[in-house]
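Working notes, structure below.
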Amino acid sequence: MLKNKVYIVDYELLSPISIGANGVIDSIQQNFQADRPIKKFDTAGIPFKNAAEIHEDLSEFYAQESSLIKSICHSDRMFELIVSCFNMAEKRLQLLIDKLNPERTGVIMGIGADVTPFELFETEIISYLSENNNAIVELFTEINENKSKLNRVINPYDVYAIYLASKFKAAAFQRSVLTACVSSTQAIALAHDSIASGETDVVIAGGTDSLVCTLATIAFGKLGVIPESDNEPSCMPFDVNRRGTLAGECAGFAVLASEKFVRDNQLEKKAQFLAYGNSMDAYKITAPDPGGKSMEKAIRKAVQEAGISANEIDYINAHGTGTKHNDELELKCIQAALGKEASTIPISSTKSRHGHAIAAAGIQELIVLIEMMKHSTIPGNINLKTPCLENMNLIQKNQHSKINFALTNNFAFGGINTVLALKNEMI
Amino acid sequence: MAGQMNNYIKKYSLQLPSMVETKKVSDLQNTSFKSGKLEVDTESVFYPQRSDLKIMREDIAACILVIQEMLKDCNYSVDELEQMPLFSVNGSFVDQPEKHLQRMPMMYHSFTPEMTPEERQRKIYKMSPPLLALQTLTNSSMSFIAQYIGLKGQNATFGSTSISGLYALNHAQIELQKGGEKDVLVSASNCGDTYSFLTNSGVLGYCEQWFESAAVGNIMLSNSKQDSLCEITVMKHDKRIPNLINREVNRNWEGLLDDTSADLVVYSGAFSNKEYEDDKAYIEKLHNNTYTPFPDFGNLGAANIPVGLIKGIESFSSMVKTVDVLDRDVYGRESLIRIEKC
């Protein structure tokens, strides 16, 4: 048994719906949707026009970083997002950082696949093109002559965790989880395990990812995950006419700490991380198991290990991607796992508002959930007209309601299912 | 080490390259590196299905094969396999890089000056490979292993440098600490090749005689001593935060080795002959019985630590009962695992 209780004591979020976690509630209450035309690259000629993109210029957040860090931010969007996210919160976090014991503090980040920003380097790639040359390799070989451990393009995945560790002085470890859409969800779950087992006192867990570039948008579009743009909303979770998800981007992190650390340092608890369920379908890489047994198992395990009953759950933040494969199956698995109580629990997906941030989906939705707990607000399912499954409490309008216990679900390509159970400590 | 429970290695499987070649990667800058490729037995009954091979890296195909070989004589029930945790460790997620990395430039090559931006984008859209998102899925190794073996339990994929192997073992230990008698599978595969070379050489700086190979190493960890090969008695790493701005190789294995009583030291971390020579000189001052896979296979990336453990187990004899496995990742993070023969 793992003994220590684990609490979330701080967090920050850089999202298409809010620059900073403290703006999330206004965005939710105003029903803001970040489903808008892509600005980052020219979409003329490709059928995917919209994304949940952070349009703001982030360079002010990292203006004081070194010129090397700034140049990486220019070509590595995931790096730019996490650097900006940290810098937004740096002043506030300084008091906490001063209390940390470096050898008992770790970082675990959920990271997405790196996507080479070909559009940025188009001129250079073309200049290297000839019949005998391997243009990308020529270009990267020349670019990666830096005298530092940071490449201008394609770094080992650990670079994001190491960056955060350098800021938090987290020397215990710098781990990277690469499990696609559940990467940051698993990062948070594994952070819990590390603290609960006594390995560490504090873990900074989070993620960063972006689908908003030409190659990633086209790749996911061709898989049928992102719908072709028309006059309809891109993402309609749980609707019978749903066609796909909204490509997104995000970076965020949460500070998890042991009960003892919280007490000794008189920290304010935002939420208690109760438990999680983590399972694999062992089915096919291209689609979830239509039987949903493993998805159901992950939900059931999270609830059982949290020591709560289904009728105590006040809200489920669903994965709810808006894809044909996921939504109805997820609802059926919730029904199977939670029994007759499932029909009374308010369920919504917030992806229609902020998009699917893939590896960073878990941290984005965790922070949105905690903000909803703080403000006693349950977000409605925007764009839902006709539910794909009857007898489920798929709320359409925001509700003012206390959230004491909640679940947040994420499921990944390749059949990976991770569900987190949280308790509100701000009531 | 997380928790104080004893942990044992019960089974292992390994595949190392059957051939090593020198690969020219850059014509203009005259850059080349040595790389070992895995030879996958396509006649094996465990060889993956053709439909999966379209989106499966070669190191994953090899991994699935050797895991199935490892498990074929174990008597795990369907239930036991379904509950078995799996922690996967992977390096680069792009193999056949020339195929992927050349496609975009070829699109640009096909543009004509008369084309409008819309026409160019339409061409990029048409020429983009439809399975790219699946071919580069970061958890594909773990998901395919789960699919072929029937694993449905706790899981995570770690990446991407060699210390990820240690991190996966840390979490495997935490799983065992949760209680109940169980086994945990830690599976590592490294595909090496051009994309990995570009990623890692950018961190360390390009050096002549860069050498990195594909490899697979799988370990079954258990909290039961019965039928085990060895016990893990020490697992630690230097708690340093890498300096991202200054490139340096600081060896401190001496600081990790509390004593030099092990009968054998297996070490890894070098990516080039120069680094290897420096490592060799350093470690041979500390210990007189050492082994490293570098001369034959180079750096094995994400598979360094599991392969090091397996090589240690394979060295057990009447004279070798304790082995220290040392590794340094591309960011200079060093680790030590000590195993003792059961």
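Quick note on naming: the chains in the structure tokens go A, B, ... in the order shown, residues restart at 1 in each chain, and ligands are numbered from 1 in order of appearance.
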Subject >> Residue contacts of A:Arg263 (12 Å, only C-alpha atoms) excluding same-chain residues fewer than 6 positions away, as a count of residues only >> reply: 7
**OP:** Would you list the contacts of B:Thr233 as a list in words, taking every protein, DNA or RNA residue within 9 Å and counting only C-alpha atoms, but skipping same-chain residues closer than 3 positions in sequence?
**Re:**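 Skipping anything fewer than 3 positions along the chain leaves Asn6, Asn7, Tyr8, Ile337, Arg338, Ile339 and Glu340 of chain B.
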Take the selection from the previous step and output its residues with all heavy atoms, as a PDB file, in the first residue's frame.
ATOM      1  N   ASN B   6      12.317  -5.703  -1.335  1.00  0.00           N
ATOM      2  CA  ASN B   6      13.258  -6.334  -2.227  1.00  0.00           C
ATOM      3  C   ASN B   6      12.606  -6.568  -3.574  1.00  0.00           C
ATOM      4  O   ASN B   6      11.443  -6.934  -3.657  1.00  0.00           O
ATOM      5  CB  ASN B   6      13.713  -7.673  -1.640  1.00  0.00           C
ATOM      6  CG  ASN B   6      14.451  -7.485  -0.341  1.00  0.00           C
ATOM      7  OD1 ASN B   6      14.922  -6.392  -0.041  1.00  0.00           O
ATOM      8  ND2 ASN B   6      14.548  -8.533   0.447  1.00  0.00           N
ATOM      9  N   ASN B   7      13.362  -6.351  -4.622  1.00  0.00           N
ATOM     10  CA  ASN B   7      12.862  -6.582  -5.968  1.00  0.00           C
ATOM     11  C   ASN B   7      13.810  -7.510  -6.704  1.00  0.00           C
ATOM     12  O   ASN B   7      15.025  -7.426  -6.532  1.00  0.00           O
ATOM     13  CB  ASN B   7      12.729  -5.266  -6.734  1.00  0.00           C
ATOM     14  CG  ASN B   7      11.755  -4.318  -6.064  1.00  0.00           C
ATOM     15  OD1 ASN B   7      12.010  -3.141  -5.935  1.00  0.00           O
ATOM     16  ND2 ASN B   7      10.642  -4.833  -5.596  1.00  0.00           N
ATOM     17  N   TYR B   8      13.236  -8.369  -7.531  1.00  0.00           N
ATOM     18  CA  TYR B   8      14.013  -9.394  -8.202  1.00  0.00           C
ATOM     19  C   TYR B   8      13.759  -9.328  -9.697  1.00  0.00           C
ATOM     20  O   TYR B   8      12.696  -8.936 -10.151  1.00  0.00           O
ATOM     21  CB  TYR B   8      13.614 -10.774  -7.665  1.00  0.00           C
ATOM     22  CG  TYR B   8      13.768 -10.884  -6.166  1.00  0.00           C
ATOM     23  CD1 TYR B   8      12.724 -10.562  -5.306  1.00  0.00           C
ATOM     24  CD2 TYR B   8      14.990 -11.282  -5.608  1.00  0.00           C
ATOM     25  CE1 TYR B   8      12.883 -10.637  -3.933  1.00  0.00           C
ATOM     26  CE2 TYR B   8      15.149 -11.359  -4.231  1.00  0.00           C
ATOM     27  CZ  TYR B   8      14.096 -11.029  -3.402  1.00  0.00           C
ATOM     28  OH  TYR B   8      14.259 -11.103  -2.038  1.00  0.00           O
ATOM     29  N   ILE B 337      22.802   0.758 -10.840  1.00  0.00           N
ATOM     30  CA  ILE B 337      21.942  -0.324 -10.344  1.00  0.00           C
ATOM     31  C   ILE B 337      22.855  -1.480 -10.000  1.00  0.00           C
ATOM     32  O   ILE B 337      23.708  -1.861 -10.804  1.00  0.00           O
ATOM     33  CB  ILE B 337      20.916  -0.775 -11.407  1.00  0.00           C
ATOM     34  CG1 ILE B 337      20.032   0.414 -11.834  1.00  0.00           C
ATOM     35  CG2 ILE B 337      20.053  -1.901 -10.864  1.00  0.00           C
ATOM     36  CD1 ILE B 337      19.033   0.091 -12.920  1.00  0.00           C
ATOM     37  N   ARG B 338      22.681  -2.029  -8.802  1.00  0.00           N
ATOM     38  CA  ARG B 338      23.474  -3.200  -8.412  1.00  0.00           C
ATOM     39  C   ARG B 338      22.554  -4.419  -8.370  1.00  0.00           C
ATOM     40  O   ARG B 338      21.466  -4.370  -7.786  1.00  0.00           O
ATOM     41  CB  ARG B 338      24.116  -3.003  -7.051  1.00  0.00           C
ATOM     42  CG  ARG B 338      24.857  -4.255  -6.537  1.00  0.00           C
ATOM     43  CD  ARG B 338      25.676  -3.992  -5.313  1.00  0.00           C
ATOM     44  NE  ARG B 338      26.926  -3.296  -5.670  1.00  0.00           N
ATOM     45  CZ  ARG B 338      27.945  -3.145  -4.837  1.00  0.00           C
ATOM     46  NH1 ARG B 338      27.881  -3.607  -3.608  1.00  0.00           N
ATOM     47  NH2 ARG B 338      29.033  -2.503  -5.217  1.00  0.00           N
ATOM     48  N   ILE B 339      23.009  -5.491  -8.994  1.00  0.00           N
ATOM     49  CA  ILE B 339      22.255  -6.750  -8.953  1.00  0.00           C
ATOM     50  C   ILE B 339      23.126  -7.828  -8.316  1.00  0.00           C
ATOM     51  O   ILE B 339      24.352  -7.864  -8.517  1.00  0.00           O
ATOM     52  CB  ILE B 339      21.768  -7.191 -10.350  1.00  0.00           C
ATOM     53  CG1 ILE B 339      22.917  -7.212 -11.367  1.00  0.00           C
ATOM     54  CG2 ILE B 339      20.640  -6.306 -10.834  1.00  0.00           C
ATOM     55  CD1 ILE B 339      22.518  -7.771 -12.728  1.00  0.00           C
ATOM     56  N   GLU B 340      22.467  -8.706  -7.551  1.00  0.00           N
ATOM     57  CA  GLU B 340      23.189  -9.799  -6.894  1.00  0.00           C
ATOM     58  C   GLU B 340      22.513 -11.108  -7.249  1.00  0.00           C
ATOM     59  O   GLU B 340      21.283 -11.227  -7.159  1.00  0.00           O
ATOM     60  CB  GLU B 340      23.193  -9.591  -5.380  1.00  0.00           C
ATOM     61  CG  GLU B 340      23.981  -8.350  -4.975  1.00  0.00           C
ATOM     62  CD  GLU B 340      24.154  -8.166  -3.481  1.00  0.00           C
ATOM     63  OE1 GLU B 340      23.934  -9.126  -2.729  1.00  0.00           O
ATOM     64  OE2 GLU B 340      24.512  -7.042  -3.072  1.00  0.00           O
TER      65      GLU B 340
END
Original post:
In Å to one decimal, how far is atom CA of A:Asn417 from atom CA of A:Pro290?
Top reply: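 Atom CA of A:Asn417 lies 13.4 Å from atom CA of A:Pro290.
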**OP:** Might you pull out every residue within 7 Å of A:Met78, with only C-alpha atoms counted and same-chain residues fewer than 3 positions away left off, and present them as a PyMOL selection string?
**Re:** chain A and resi 81-82+208-210
Which residues of chain B come within 6 Å of chain A, and for each one, what is the closest pair of atoms and their distance in Å to one decimal, counting only C-alpha atoms, sorted by chain and residue number, as CSV?
residue,atom,partner,partner_atom,distance
B:Ala2,CA,A:Glu199,CA,4.9
B:Ser26,CA,A:Glu138,CA,5.6
B:Glu118,CA,A:Gly45,CA,4.5
B:Gln121,CA,A:Gly45,CA,5.1
B:Arg122,CA,A:Gly45,CA,4.3
B:Pro130,CA,A:Lys222,CA,5.6
B:Ala133,CA,A:Ala219,CA,5.5
B:Thr138,CA,A:Leu178,CA,5.7
B:Asn139,CA,A:Thr179,CA,4.8
B:Ser143,CA,A:Gly414,CA,5.2
B:Ala146,CA,A:Ala282,CA,4.7
B:Gln147,CA,A:Ala282,CA,3.8
B:Gly150,CA,A:Ala282,CA,5.6
B:Lys152,CA,A:Met280,CA,4.3
B:Gly153,CA,A:Ser279,CA,4.7
B:Gln154,CA,A:Asn278,CA,5.3
B:Thr157,CA,A:Leu178,CA,5.3
B:Phe158,CA,A:Val177,CA,4.7
B:Gly159,CA,A:Ser176,CA,5.8
B:Ser160,CA,A:Tyr157,CA,5.8
B:Lys178,CA,A:Met1,CA,4.3
B:Gly179,CA,A:Met1,CA,5.7
B:Thr199,CA,A:Asn155,CA,5.5
B:Gly202,CA,A:Asn144,CA,4.6
B:Val203,CA,A:Lys149,CA,4.4
B:Lys239,CA,A:Ala171,CA,5.0
B:Arg240,CA,A:Ala171,CA,5.4
B:Ile241,CA,A:Ala171,CA,5.3
B:Leu244,CA,A:Lys149,CA,4.8
B:Ile245,CA,A:Ser148,CA,4.7
B:Asn246,CA,A:Ser148,CA,4.9
B:Arg247,CA,A:Ser148,CA,4.9
Subject >> DSSP alpha helix (DSSP H) residues within stretch 54-88 of chain A, as a ChimeraX atom specification >> reply: /A:67-75,77-88
For B:Asp41, find every residue with an atom within 10 Å (counting only C-alpha atoms), except residues of its own chain fewer than 2 positions away, and show them as an mmCIF file with N, CA, C and O atoms, in the first residue's frame.
data_model
loop_
_atom_site.group_PDB
_atom_site.id
_atom_site.type_symbol
_atom_site.label_atom_id
_atom_site.label_comp_id
_atom_site.auth_asym_id
_atom_site.auth_seq_id
_atom_site.Cartn_x
_atom_site.Cartn_y
_atom_site.Cartn_z
ATOM 1 N N LEU B 38 18.640 -4.105 -36.208
ATOM 2 C CA LEU B 38 18.132 -5.382 -35.699
ATOM 3 C C LEU B 38 17.665 -6.240 -36.863
ATOM 4 O O LEU B 38 17.083 -5.735 -37.822
ATOM 5 N N GLU B 39 17.920 -7.516 -36.753
ATOM 6 C CA GLU B 39 17.400 -8.431 -37.769
ATOM 7 C C GLU B 39 16.203 -9.139 -37.157
ATOM 8 O O GLU B 39 16.339 -9.824 -36.141
ATOM 9 N N GLU B 43 10.114 -15.253 -40.178
ATOM 10 C CA GLU B 43 9.495 -16.586 -40.244
ATOM 11 C C GLU B 43 8.923 -17.032 -38.908
ATOM 12 O O GLU B 43 8.237 -18.048 -38.812
ATOM 13 N N SER B 44 9.227 -16.258 -37.869
ATOM 14 C CA SER B 44 8.787 -16.648 -36.532
ATOM 15 C C SER B 44 7.264 -16.648 -36.452
ATOM 16 O O SER B 44 6.596 -15.804 -37.061
ATOM 17 N N VAL B 45 6.711 -17.579 -35.672
ATOM 18 C CA VAL B 45 5.253 -17.594 -35.452
ATOM 19 C C VAL B 45 4.796 -16.344 -34.713
ATOM 20 O O VAL B 45 3.625 -16.005 -34.720
ATOM 21 N N PHE B 46 5.750 -15.684 -34.069
ATOM 22 C CA PHE B 46 5.411 -14.482 -33.312
ATOM 23 C C PHE B 46 5.564 -13.204 -34.132
ATOM 24 O O PHE B 46 5.378 -12.112 -33.608
ATOM 25 N N TYR B 47 5.908 -13.331 -35.402
ATOM 26 C CA TYR B 47 6.106 -12.139 -36.230
ATOM 27 C C TYR B 47 4.774 -11.398 -36.375
ATOM 28 O O TYR B 47 3.743 -12.024 -36.613
ATOM 29 N N ALA B 61 8.695 -4.369 -33.698
ATOM 30 C CA ALA B 61 8.488 -5.730 -34.206
ATOM 31 C C ALA B 61 9.442 -6.696 -33.499
ATOM 32 O O ALA B 61 9.047 -7.784 -33.059
ATOM 33 N N ALA B 62 10.693 -6.274 -33.360
ATOM 34 C CA ALA B 62 11.687 -7.116 -32.679
ATOM 35 C C ALA B 62 11.300 -7.322 -31.221
ATOM 36 O O ALA B 62 11.405 -8.421 -30.673
ATOM 37 N N LEU B 65 8.445 -9.793 -30.722
ATOM 38 C CA LEU B 65 8.907 -11.146 -30.959
ATOM 39 C C LEU B 65 9.633 -11.701 -29.742
ATOM 40 O O LEU B 65 9.333 -12.794 -29.251
ATOM 41 N N VAL B 66 10.575 -10.939 -29.197
ATOM 42 C CA VAL B 66 11.396 -11.481 -28.101
ATOM 43 C C VAL B 66 10.606 -11.559 -26.794
ATOM 44 O O VAL B 66 10.872 -12.426 -25.962
#
**OP:** Work out how far atom CA of A:Thr245 is from atom CA of A:Asn31, in Å to one decimal.
**Re:**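 We find that atom CA of A:Asn31 and atom CA of A:Thr245 lie 17.5 Å from each other.
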